[in-house]
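Raw structure_4.cif, mmCIF, C-alpha atoms:
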```cif
data_final
#
loop_
_atom_site.group_PDB
_atom_site.id
_atom_site.type_symbol
_atom_site.label_atom_id
_atom_site.label_comp_id
_atom_site.auth_asym_id
_atom_site.auth_seq_id
_atom_site.Cartn_x
_atom_site.Cartn_y
_atom_site.Cartn_z
ATOM 1 C CA MET G 1 -13.685 -1.297 -21.311
ATOM 2 C CA ARG G 2 -10.545 -3.115 -20.137
ATOM 3 C CA ARG G 3 -10.455 -0.955 -17.025
ATOM 4 C CA ARG G 4 -14.083 -1.768 -16.316
ATOM 5 C CA SER G 5 -13.575 -5.508 -16.650
ATOM 6 C CA LEU G 6 -10.574 -5.388 -14.296
ATOM 7 C CA SER G 7 -12.585 -3.399 -11.783
ATOM 8 C CA ALA G 8 -15.275 -6.037 -11.942
ATOM 9 C CA LEU G 9 -12.690 -8.601 -10.906
ATOM 10 C CA VAL G 10 -11.849 -6.556 -7.844
ATOM 11 C CA VAL G 11 -15.502 -6.299 -6.910
ATOM 12 C CA ALA G 12 -15.680 -10.080 -7.177
ATOM 13 C CA GLY G 13 -12.910 -10.375 -4.582
ATOM 14 C CA LEU G 14 -9.979 -10.811 -6.908
ATOM 15 C CA VAL G 15 -6.928 -8.642 -7.321
ATOM 16 C CA VAL G 16 -4.545 -8.256 -10.226
ATOM 17 C CA SER G 17 -0.904 -8.211 -9.164
ATOM 18 C CA ALA G 18 1.820 -6.139 -10.803
ATOM 19 C CA PHE G 19 2.448 -8.983 -13.228
ATOM 20 C CA GLY G 20 -1.135 -9.865 -13.947
ATOM 21 C CA GLN G 21 -1.615 -12.918 -11.750
ATOM 22 C CA LYS G 22 -5.033 -13.082 -10.169
ATOM 23 C CA SER G 23 -5.361 -14.044 -6.533
ATOM 24 C CA GLU G 24 -7.885 -13.831 -3.716
ATOM 25 C CA VAL G 25 -8.032 -10.541 -1.847
ATOM 26 C CA PRO G 26 -7.408 -11.343 1.834
ATOM 27 C CA LYS G 27 -10.652 -11.356 3.795
ATOM 28 C CA GLY G 28 -11.291 -8.043 5.472
ATOM 29 C CA LEU G 29 -9.176 -6.133 2.960
ATOM 30 C CA ASP G 30 -11.713 -6.945 0.271
ATOM 31 C CA LYS G 31 -14.356 -5.374 2.504
ATOM 32 C CA PHE G 32 -12.096 -2.403 3.249
ATOM 33 C CA ASN G 33 -11.507 -1.773 -0.459
ATOM 34 C CA GLN G 34 -15.189 -1.897 -1.316
ATOM 35 C CA LYS G 35 -16.104 0.425 1.558
ATOM 36 C CA PHE G 36 -13.333 2.833 0.564
ATOM 37 C CA THR G 37 -14.514 3.166 -3.028
ATOM 38 C CA ALA G 38 -18.197 3.388 -2.062
ATOM 39 C CA ALA G 39 -17.561 6.030 0.627
ATOM 40 C CA VAL G 40 -15.654 8.248 -1.830
ATOM 41 C CA LEU G 41 -18.302 7.747 -4.522
ATOM 42 C CA HIS G 42 -21.064 8.760 -2.104
ATOM 43 C CA MET G 43 -19.006 11.657 -0.684
ATOM 44 C CA ASP G 44 -19.806 10.194 2.735
ATOM 45 C CA ASN G 45 -17.131 11.904 4.808
ATOM 46 C CA ALA G 46 -18.133 10.165 8.051
ATOM 47 C CA GLU G 47 -17.842 6.782 6.330
ATOM 48 C CA VAL G 48 -14.486 7.749 4.795
ATOM 49 C CA MET G 49 -13.183 8.796 8.204
ATOM 50 C CA SER G 50 -14.373 5.515 9.775
ATOM 51 C CA LEU G 51 -11.708 3.889 7.595
ATOM 52 C CA TRP G 52 -8.878 5.940 9.128
ATOM 53 C CA ALA G 53 -6.662 5.078 12.091
ATOM 54 C CA GLU G 54 -6.263 7.738 14.800
ATOM 55 C CA ASP G 55 -2.610 8.283 13.889
ATOM 56 C CA GLY G 56 -2.975 8.048 10.123
ATOM 57 C CA VAL G 57 -1.242 10.435 7.738
ATOM 58 C CA MET G 58 -2.586 11.825 4.458
ATOM 59 C CA LEU G 59 0.043 12.687 1.840
ATOM 60 C CA LEU G 60 -1.415 14.821 -0.952
ATOM 61 C CA PRO G 61 0.227 16.672 -3.859
ATOM 62 C CA GLY G 62 1.227 20.261 -3.184
ATOM 63 C CA MET G 63 0.329 20.041 0.505
ATOM 64 C CA ALA G 64 2.196 19.423 3.731
ATOM 65 C CA PRO G 65 1.452 16.023 5.320
ATOM 66 C CA ILE G 66 -1.816 15.958 7.308
ATOM 67 C CA SER G 67 -1.219 13.928 10.465
ATOM 68 C CA GLY G 68 -3.957 12.534 12.705
ATOM 69 C CA LYS G 69 -7.562 11.532 12.059
ATOM 70 C CA ALA G 70 -9.037 14.777 13.464
ATOM 71 C CA ASN G 71 -6.923 16.927 11.129
ATOM 72 C CA ILE G 72 -7.717 14.742 8.124
ATOM 73 C CA ALA G 73 -11.459 14.944 8.907
ATOM 74 C CA LYS G 74 -11.226 18.734 9.166
ATOM 75 C CA TRP G 75 -9.417 18.938 5.821
ATOM 76 C CA LEU G 76 -11.956 16.604 4.154
ATOM 77 C CA ASP G 77 -14.929 18.592 5.432
ATOM 78 C CA GLY G 78 -13.212 21.742 4.138
ATOM 79 C CA VAL G 79 -12.898 20.242 0.642
ATOM 80 C CA THR G 80 -16.581 19.316 0.594
ATOM 81 C CA SER G 81 -17.729 22.696 1.869
ATOM 82 C CA ARG G 82 -15.713 24.497 -0.802
ATOM 83 C CA MET G 83 -17.438 22.498 -3.550
ATOM 84 C CA PRO G 84 -21.200 22.934 -3.015
ATOM 85 C CA GLY G 85 -23.289 21.130 -5.613
ATOM 86 C CA TYR G 86 -20.444 18.928 -6.862
ATOM 87 C CA ARG G 87 -21.129 15.199 -7.036
ATOM 88 C CA VAL G 88 -18.794 12.262 -7.595
ATOM 89 C CA ILE G 89 -20.586 10.291 -10.303
ATOM 90 C CA ARG G 90 -17.961 7.577 -10.871
ATOM 91 C CA GLN G 91 -15.186 6.172 -8.675
ATOM 92 C CA GLU G 92 -13.013 3.254 -9.744
ATOM 93 C CA ASP G 93 -10.100 2.019 -7.666
ATOM 94 C CA LEU G 94 -8.247 -0.949 -9.103
ATOM 95 C CA PHE G 95 -6.135 -2.447 -6.307
ATOM 96 C CA HIS G 96 -2.787 -4.142 -6.893
ATOM 97 C CA ALA G 97 -0.052 -5.990 -5.012
ATOM 98 C CA ILE G 98 -1.999 -6.465 -1.779
ATOM 99 C CA ALA G 99 0.447 -7.650 0.857
ATOM 100 C CA VAL G 100 -0.516 -8.697 4.379
ATOM 101 C CA SER G 101 1.909 -9.447 7.202
ATOM 102 C CA GLY G 102 0.361 -9.889 10.619
ATOM 103 C CA ASP G 103 -1.681 -6.807 11.405
ATOM 104 C CA TRP G 104 -0.105 -4.678 8.654
ATOM 105 C CA ALA G 105 -0.975 -4.500 4.986
ATOM 106 C CA SER G 106 -0.218 -2.432 1.922
ATOM 107 C CA GLU G 107 -1.693 -2.054 -1.529
ATOM 108 C CA TRP G 108 -1.621 0.400 -4.394
ATOM 109 C CA ALA G 109 -4.341 1.338 -6.821
ATOM 110 C CA THR G 110 -5.015 3.098 -10.062
ATOM 111 C CA THR G 111 -7.869 5.524 -9.460
ATOM 112 C CA LEU G 112 -10.449 7.177 -11.685
ATOM 113 C CA GLN G 113 -12.839 9.769 -10.342
ATOM 114 C CA VAL G 114 -15.454 11.601 -12.387
ATOM 115 C CA THR G 115 -16.969 14.661 -10.728
ATOM 116 C CA GLN G 116 -20.063 16.518 -11.895
ATOM 117 C CA PRO G 117 -19.985 20.270 -11.160
ATOM 118 C CA PRO G 118 -23.278 22.078 -10.626
ATOM 119 C CA GLY G 119 -25.005 24.114 -13.330
ATOM 120 C CA GLY G 120 -24.563 21.616 -16.138
ATOM 121 C CA LYS G 121 -20.828 22.247 -16.525
ATOM 122 C CA PRO G 122 -18.768 19.445 -18.113
ATOM 123 C CA ALA G 123 -17.817 16.545 -15.841
ATOM 124 C CA ILE G 124 -14.217 16.442 -14.607
ATOM 125 C CA GLU G 125 -12.165 13.237 -15.008
ATOM 126 C CA SER G 126 -9.294 12.705 -12.595
ATOM 127 C CA HIS G 127 -6.884 9.825 -13.202
ATOM 128 C CA GLY G 128 -4.374 8.902 -10.537
ATOM 129 C CA LYS G 129 -2.576 6.398 -8.373
ATOM 130 C CA MET G 130 -2.804 5.689 -4.662
ATOM 131 C CA LEU G 131 -0.587 3.868 -2.155
ATOM 132 C CA LEU G 132 -2.092 2.703 1.130
ATOM 133 C CA VAL G 133 -0.582 1.372 4.349
ATOM 134 C CA LEU G 134 -3.222 -0.313 6.514
ATOM 135 C CA HIS G 135 -3.257 -1.632 10.055
ATOM 136 C CA ARG G 136 -5.703 -4.101 11.607
ATOM 137 C CA GLU G 137 -6.883 -2.389 14.747
ATOM 138 C CA LYS G 138 -7.914 -3.943 18.070
ATOM 139 C CA ASP G 139 -11.518 -4.331 16.843
ATOM 140 C CA GLY G 140 -10.270 -6.433 13.898
ATOM 141 C CA THR G 141 -10.962 -3.693 11.342
ATOM 142 C CA TRP G 142 -8.384 -2.596 8.771
ATOM 143 C CA ARG G 143 -7.786 1.146 8.918
ATOM 144 C CA ILE G 144 -5.579 3.576 7.012
ATOM 145 C CA ARG G 145 -2.214 4.500 8.519
ATOM 146 C CA ALA G 146 -0.907 6.248 5.402
ATOM 147 C CA GLU G 147 -2.538 7.294 2.136
ATOM 148 C CA MET G 148 -0.692 8.947 -0.733
ATOM 149 C CA TRP G 149 -2.025 9.982 -4.130
ATOM 150 C CA ASN G 150 -0.689 11.537 -7.308
ATOM 151 C CA GLY G 151 -2.011 12.142 -10.806
ATOM 152 C CA SER G 152 -1.662 9.963 -13.908
ATOM 153 C CA PRO G 153 -2.109 10.657 -17.621
ATOM 154 C CA ALA G 154 -5.649 10.212 -18.916
ATOM 155 C CA SER G 155 -4.782 7.425 -21.376
ATOM 156 C CA MET M 1 17.389 24.823 11.065
ATOM 157 C CA ARG M 2 14.678 22.674 12.638
ATOM 158 C CA ARG M 3 14.686 20.423 9.591
ATOM 159 C CA ARG M 4 18.427 20.045 9.845
ATOM 160 C CA SER M 5 18.341 19.055 13.502
ATOM 161 C CA LEU M 6 15.635 16.449 12.820
ATOM 162 C CA SER M 7 17.655 15.000 9.942
ATOM 163 C CA ALA M 8 20.614 14.686 12.276
ATOM 164 C CA LEU M 9 18.454 12.521 14.529
ATOM 165 C CA VAL M 10 17.713 10.197 11.653
ATOM 166 C CA VAL M 11 21.389 9.886 10.800
ATOM 167 C CA ALA M 12 21.951 8.919 14.438
ATOM 168 C CA GLY M 13 19.519 6.009 14.024
ATOM 169 C CA LEU M 14 16.445 7.656 15.477
ATOM 170 C CA VAL M 15 13.121 8.348 13.868
ATOM 171 C CA VAL M 16 10.439 10.870 14.683
ATOM 172 C CA SER M 17 6.927 9.421 14.588
ATOM 173 C CA ALA M 18 3.836 11.264 13.394
ATOM 174 C CA PHE M 19 3.319 12.528 16.935
ATOM 175 C CA GLY M 20 6.893 13.425 17.692
ATOM 176 C CA GLN M 21 7.964 10.443 19.784
ATOM 177 C CA LYS M 22 11.513 9.363 19.110
ATOM 178 C CA SER M 23 12.316 5.698 18.782
ATOM 179 C CA GLU M 24 15.048 3.463 17.422
ATOM 180 C CA VAL M 25 14.953 2.721 13.702
ATOM 181 C CA PRO M 26 14.757 -1.079 13.314
ATOM 182 C CA LYS M 27 18.148 -2.514 12.398
ATOM 183 C CA GLY M 28 18.535 -2.989 8.669
ATOM 184 C CA LEU M 29 15.982 -0.291 7.879
ATOM 185 C CA ASP M 30 18.353 2.310 9.293
ATOM 186 C CA LYS M 31 20.970 1.028 6.858
ATOM 187 C CA PHE M 32 18.436 0.993 4.025
ATOM 188 C CA ASN M 33 17.448 4.608 4.692
ATOM 189 C CA GLN M 34 21.029 5.840 4.777
ATOM 190 C CA LYS M 35 21.899 3.979 1.568
ATOM 191 C CA PHE M 36 18.786 5.336 -0.125
ATOM 192 C CA THR M 37 19.596 8.976 0.626
ATOM 193 C CA ALA M 38 23.294 8.579 -0.219
ATOM 194 C CA ALA M 39 22.576 6.814 -3.527
ATOM 195 C CA VAL M 40 20.205 9.581 -4.642
ATOM 196 C CA LEU M 41 22.649 12.294 -3.523
ATOM 197 C CA HIS M 42 25.463 10.675 -5.505
ATOM 198 C CA MET M 43 23.209 10.013 -8.515
ATOM 199 C CA ASP M 44 24.465 6.428 -8.335
ATOM 200 C CA ASN M 45 21.791 4.680 -10.392
ATOM 201 C CA ALA M 46 23.286 1.213 -9.899
ATOM 202 C CA GLU M 47 23.253 1.727 -6.125
ATOM 203 C CA VAL M 48 19.676 3.066 -6.251
ATOM 204 C CA MET M 49 18.566 0.025 -8.234
ATOM 205 C CA SER M 50 20.282 -2.347 -5.768
ATOM 206 C CA LEU M 51 17.645 -1.138 -3.288
ATOM 207 C CA TRP M 52 14.741 -2.277 -5.469
ATOM 208 C CA ALA M 53 12.911 -5.627 -5.446
ATOM 209 C CA GLU M 54 12.435 -7.374 -8.800
ATOM 210 C CA ASP M 55 8.683 -6.796 -8.709
ATOM 211 C CA GLY M 56 8.731 -3.278 -7.269
ATOM 212 C CA VAL M 57 6.511 -0.491 -8.573
ATOM 213 C CA MET M 58 7.379 3.209 -8.920
ATOM 214 C CA LEU M 59 4.443 5.613 -8.655
ATOM 215 C CA LEU M 60 5.383 9.091 -9.870
ATOM 216 C CA PRO M 61 3.286 12.210 -10.511
ATOM 217 C CA GLY M 62 1.925 12.593 -14.027
ATOM 218 C CA MET M 63 3.148 9.157 -15.097
ATOM 219 C CA ALA M 64 1.663 5.694 -15.418
ATOM 220 C CA PRO M 65 2.955 3.217 -12.809
ATOM 221 C CA ILE M 66 6.370 1.736 -13.688
ATOM 222 C CA SER M 67 6.314 -1.954 -12.757
ATOM 223 C CA GLY M 68 9.386 -4.164 -12.420
ATOM 224 C CA LYS M 69 13.022 -3.424 -11.590
ATOM 225 C CA ALA M 70 14.190 -3.543 -15.222
ATOM 226 C CA ASN M 71 11.643 -0.924 -16.295
ATOM 227 C CA ILE M 72 12.436 1.308 -13.321
ATOM 228 C CA ALA M 73 16.174 1.103 -14.096
ATOM 229 C CA LYS M 74 15.504 2.022 -17.714
ATOM 230 C CA TRP M 75 13.404 5.017 -16.664
ATOM 231 C CA LEU M 76 16.055 6.153 -14.141
ATOM 232 C CA ASP M 77 18.861 5.951 -16.704
ATOM 233 C CA GLY M 78 16.671 7.953 -19.077
ATOM 234 C CA VAL M 79 16.233 10.710 -16.487
ATOM 235 C CA THR M 80 19.990 10.923 -15.923
ATOM 236 C CA SER M 81 20.834 10.941 -19.619
ATOM 237 C CA ARG M 82 18.383 13.777 -20.261
ATOM 238 C CA MET M 83 20.097 15.950 -17.626
ATOM 239 C CA PRO M 84 23.799 16.055 -18.545
ATOM 240 C CA GLY M 85 25.839 18.177 -16.177
ATOM 241 C CA TYR M 86 23.180 18.319 -13.449
ATOM 242 C CA ARG M 87 24.304 17.382 -9.951
ATOM 243 C CA VAL M 88 22.301 16.677 -6.799
ATOM 244 C CA ILE M 89 24.072 18.832 -4.210
ATOM 245 C CA ARG M 90 21.759 18.168 -1.252
ATOM 246 C CA GLN M 91 19.386 15.318 -0.398
ATOM 247 C CA GLU M 92 17.504 15.121 2.881
ATOM 248 C CA ASP M 93 14.949 12.407 3.607
ATOM 249 C CA LEU M 94 13.347 12.595 7.028
ATOM 250 C CA PHE M 95 11.692 9.234 7.713
ATOM 251 C CA HIS M 96 8.541 8.837 9.797
ATOM 252 C CA ALA M 97 6.239 6.137 11.152
ATOM 253 C CA ILE M 98 8.507 3.198 10.363
ATOM 254 C CA ALA M 99 6.455 0.032 10.837
ATOM 255 C CA VAL M 100 7.837 -3.493 10.575
ATOM 256 C CA SER M 101 5.774 -6.680 10.577
ATOM 257 C CA GLY M 102 7.653 -9.854 9.724
ATOM 258 C CA ASP M 103 9.385 -9.347 6.398
ATOM 259 C CA TRP M 104 7.319 -6.294 5.445
ATOM 260 C CA ALA M 105 7.841 -2.678 6.398
ATOM 261 C CA SER M 106 6.564 0.769 5.519
ATOM 262 C CA GLU M 107 7.672 4.324 6.173
ATOM 263 C CA TRP M 108 7.053 7.773 4.808
ATOM 264 C CA ALA M 109 9.416 10.694 4.486
ATOM 265 C CA THR M 110 9.586 14.382 3.829
ATOM 266 C CA THR M 111 12.159 14.942 1.108
ATOM 267 C CA LEU M 112 14.309 17.880 0.059
ATOM 268 C CA GLN M 113 16.478 17.737 -3.031
ATOM 269 C CA VAL M 114 18.649 20.565 -4.315
ATOM 270 C CA THR M 115 19.929 20.157 -7.865
ATOM 271 C CA GLN M 116 22.657 22.236 -9.501
ATOM 272 C CA PRO M 117 22.179 22.715 -13.265
ATOM 273 C CA PRO M 118 25.268 23.199 -15.432
ATOM 274 C CA GLY M 119 26.507 26.599 -16.602
ATOM 275 C CA GLY M 120 26.108 28.406 -13.293
ATOM 276 C CA LYS M 121 22.298 28.489 -13.446
ATOM 277 C CA PRO M 122 20.463 28.846 -10.113
ATOM 278 C CA ALA M 123 20.075 25.669 -8.040
ATOM 279 C CA ILE M 124 16.638 24.023 -8.036
ATOM 280 C CA GLU M 125 14.969 23.132 -4.712
ATOM 281 C CA SER M 126 12.410 20.329 -4.756
ATOM 282 C CA HIS M 127 10.335 19.693 -1.628
ATOM 283 C CA GLY M 128 8.197 16.590 -1.418
ATOM 284 C CA LYS M 129 6.915 13.540 0.385
ATOM 285 C CA MET M 130 7.546 9.841 -0.185
ATOM 286 C CA LEU M 131 5.795 6.649 0.895
ATOM 287 C CA LEU M 132 7.717 3.377 0.781
ATOM 288 C CA VAL M 133 6.676 -0.260 1.113
ATOM 289 C CA LEU M 134 9.666 -2.498 1.752
ATOM 290 C CA HIS M 135 10.190 -6.250 1.828
ATOM 291 C CA ARG M 136 13.036 -8.194 3.433
ATOM 292 C CA GLU M 137 14.272 -10.465 0.690
ATOM 293 C CA LYS M 138 15.778 -13.948 0.982
ATOM 294 C CA ASP M 139 19.283 -12.482 1.421
ATOM 295 C CA GLY M 140 18.054 -10.528 4.468
ATOM 296 C CA THR M 141 18.183 -7.166 2.670
ATOM 297 C CA TRP M 142 15.258 -4.717 2.698
ATOM 298 C CA ARG M 143 14.227 -3.749 -0.814
ATOM 299 C CA ILE M 144 11.581 -1.454 -2.279
ATOM 300 C CA ARG M 145 8.264 -2.994 -3.347
ATOM 301 C CA ALA M 146 6.489 0.328 -3.843
ATOM 302 C CA GLU M 147 7.681 3.934 -3.902
ATOM 303 C CA MET M 148 5.411 6.930 -4.353
ATOM 304 C CA TRP M 149 6.301 10.618 -4.326
ATOM 305 C CA ASN M 150 4.523 13.934 -4.626
ATOM 306 C CA GLY M 151 5.445 17.585 -4.160
ATOM 307 C CA SER M 152 5.100 19.758 -1.053
ATOM 308 C CA PRO M 153 5.126 23.529 -0.536
ATOM 309 C CA ALA M 154 8.576 25.034 -0.023
ATOM 310 C CA SER M 155 7.860 26.345 3.474
#
```
If you took the structure in this file and wrote it as C-alpha cells, what would it be?
Amino acid sequence: MRRRSLSALVVAGLVVSAFGQKSEVPKGLDKFNQKFTAAVLHMDNAEVMSLWAEDGVMLLPGMAPISGKANIAKWLDGVTSRMPGYRVIRQEDLFHAIAVSGDWASEWATTLQVTQPPGGKPAIESHGKMLLVLHREKDGTWRIRAEMWNGSPAS
Amino acid sequence: MRRRSLSALVVAGLVVSAFGQKSEVPKGLDKFNQKFTAAVLHMDNAEVMSLWAEDGVMLLPGMAPISGKANIAKWLDGVTSRMPGYRVIRQEDLFHAIAVSGDWASEWATTLQVTQPPGGKPAIESHGKMLLVLHREKDGTWRIRAEMWNGSPAS
C-alpha cells in the first residue's frame, strides 16, 4: 500500500527525493514520466519509441548496449512478437532525484511490472530499478538519451 | 584487441560517442574517469568513496537502491571484507556519450573487471555496462549522484 500511495504522489506531479523530501516535478518531465509509464502499460511500442532520442542507448541486463532509436525499436518489436498473448496489467514507476540542468535531465525510478501470460497462467511480477538520462530536443520535448534497468528483490 | 585500442583513446583524453565520433573529454570529467577506474582497480575504497556525492544512489542488480554516501561506503566495505585475498587485476571502463550541462553530467561505459581469487583459483572475468550521473560540487569536483550497473555477454 505504501508503494501505491507514493505512486499516487507522482501522478499528482510530485516526486520523492532520495531523502524523502517532496518537490514539484519540473514541467514537461512530469508529462514525460506519465507518458512513459502509460506507454509501457499499454504495450504501445510506437508511443514508447516516440519518447526516444535518435541517438539514445538502451542498457539492459545480459545484453550488449543497443545504440540508436532504429535499433531499439527493432529490439522492442522483437520482444513483443516473441510474447504473443502477453499483457502488461500493472506498471508502476516511482521516480526519484529528478535533476534538470538546461536541456539535460536525469532521474531514477523503482519499477514494478506485472505481466499476464496467455492461457490463464499465473501473472509474473518483475521488480526493478531504472536510471534515465533525458534531453530536451529542438521541439521542446524531453526524450531518452540513455535508459538502464536492473532487477530488485520482490520485498 | 579492439577494446584495448579504444581504452587507450580514453586514457589519452578522448571519448568515443555512440556513433563513433571522437571528441575531447570535458576537463575534470577526464580526471574523474581516470580516478574512478584506478580506484576500483586498486580496491581503494576510501578513494572510491571520495568520488561520491553525499546524496548519491547506487543501483545494483538484485539489490534495493543504496541511498547516501555513508550507506554506500558501508556496503562497499562489506563486499571487500567478504572477499579476503581477492584482487582486481584488470579494470577497463570505456566511457561513451559524455554530456555536460552546467554542473550536471552523464556518461555510460562498458566495463571489464578481472578478479583473481586467492589460492591459485582461475581468474573471474566480469563484463558489464554502467550509467553515471555526476554533479560538480561546490569545491569544483565532479562526484557521483547515481551509478547503475548490469552485466553484458562476454563477447
For this file, the PyMOL selection byres ((chain G and resi 130-133) around 8) selects which residues, as a tab-separated table (two decimals) with C-alpha atoms, in the frame of the given file?
```tsv
chain	number	residue	atom	x	y	z
G	104	TRP	CA	-0.10	-4.68	8.65
G	105	ALA	CA	-0.98	-4.50	4.99
G	106	SER	CA	-0.22	-2.43	1.92
G	107	GLU	CA	-1.69	-2.05	-1.53
G	108	TRP	CA	-1.62	0.40	-4.39
G	109	ALA	CA	-4.34	1.34	-6.82
G	110	THR	CA	-5.01	3.10	-10.06
G	111	THR	CA	-7.87	5.52	-9.46
G	128	GLY	CA	-4.37	8.90	-10.54
G	129	LYS	CA	-2.58	6.40	-8.37
G	134	LEU	CA	-3.22	-0.31	6.51
G	135	HIS	CA	-3.26	-1.63	10.06
G	144	ILE	CA	-5.58	3.58	7.01
G	145	ARG	CA	-2.21	4.50	8.52
G	146	ALA	CA	-0.91	6.25	5.40
G	147	GLU	CA	-2.54	7.29	2.14
G	148	MET	CA	-0.69	8.95	-0.73
G	149	TRP	CA	-2.02	9.98	-4.13
G	150	ASN	CA	-0.69	11.54	-7.31
M	106	SER	CA	6.56	0.77	5.52
M	131	LEU	CA	5.80	6.65	0.90
M	148	MET	CA	5.41	6.93	-4.35
```
Checklist entry - If the PyMOL selection byres ((chain G) within 6 of (chain M)) is run on the structure shown, which residues does it catch, given as a ChimeraX atom specification? => result /G:61-64,101,150-153
Next on the checklist: Give me, as a list in words, all polymer residues having an atom no more than 7 Å from Pro117 in chain M, counting all atoms listed in the file and skipping those fewer than 2 positions away in the same chain.
Outcome noted: Gly85, Tyr86, Arg87, Thr115, Gly119, Gly120, Lys121 and Ala123 of chain M
Next on the checklist: Here is a test: counting all atoms listed in the file, which residue of G:Pro84, G:Pro118, G:Gly78, G:Gly140 is nearest to Lys27 in chain G?
Outcome noted: G:Gly140
Checklist entry - Separation of CA of His42 in chain M and CA of Gly28 in chain M, in Å? => result 20.9 Å
Next on the checklist: As a check of understanding, name the residues that the PyMOL selection byres ((chain M and resi 76) around 12) selects in the supplied structure, as a list in words.
Outcome noted: Val40, Met43, Asp44, Asn45, Ala46, Glu47, Val48, Met49, Met58, Leu60, Ile66, Lys69, Ala70, Asn71, Ile72, Ala73, Lys74, Trp75, Asp77, Gly78, Val79, Thr80, Ser81, Arg82 and Met83 of chain M
Item to check | Nearest candidate to Glu137 in chain G (options G:Trp52, G:Pro26, G:Lys31, G:Thr37; using only C-alpha atoms) | outcome: G:Trp52
Put the listed atoms of range 87-91 of chain M in a box along x, y and z with 4 Å added on every side and give me the centre and edge lengths in Å to one decimal, as AutoDock Vina command-line options.
```
--center_x 21.8 --center_y 17.1 --center_z -5.2 --size_x 12.9 --size_y 11.5 --size_z 17.6
```
Checklist outcome for this item: In Å and to one decimal, CA of Ile98 in chain G is distant from CA of Gln34 in chain G by 14.0 Å
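Separating CA of Phe36 in chain M from CA of Ala53 in chain G is a distance of 28.2 Å.
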Excluding same-chain residues fewer than 4 positions from Val114 in chain M, what lies within 8 Å of it counting all atoms listed in the file, as a PDB file with C-alpha atoms, in the frame of the given file?
```pdb
ATOM      1  CA  VAL M  88      22.301  16.677  -6.799  1.00  0.00           C
ATOM      2  CA  ILE M  89      24.072  18.832  -4.210  1.00  0.00           C
ATOM      3  CA  ARG M  90      21.759  18.168  -1.252  1.00  0.00           C
ATOM      4  CA  GLN M  91      19.386  15.318  -0.398  1.00  0.00           C
ATOM      5  CA  ALA M 123      20.075  25.669  -8.040  1.00  0.00           C
ATOM      6  CA  ILE M 124      16.638  24.023  -8.036  1.00  0.00           C
ATOM      7  CA  GLU M 125      14.969  23.132  -4.712  1.00  0.00           C
ATOM      8  CA  SER M 126      12.410  20.329  -4.756  1.00  0.00           C
TER       9      SER M 126
END
```
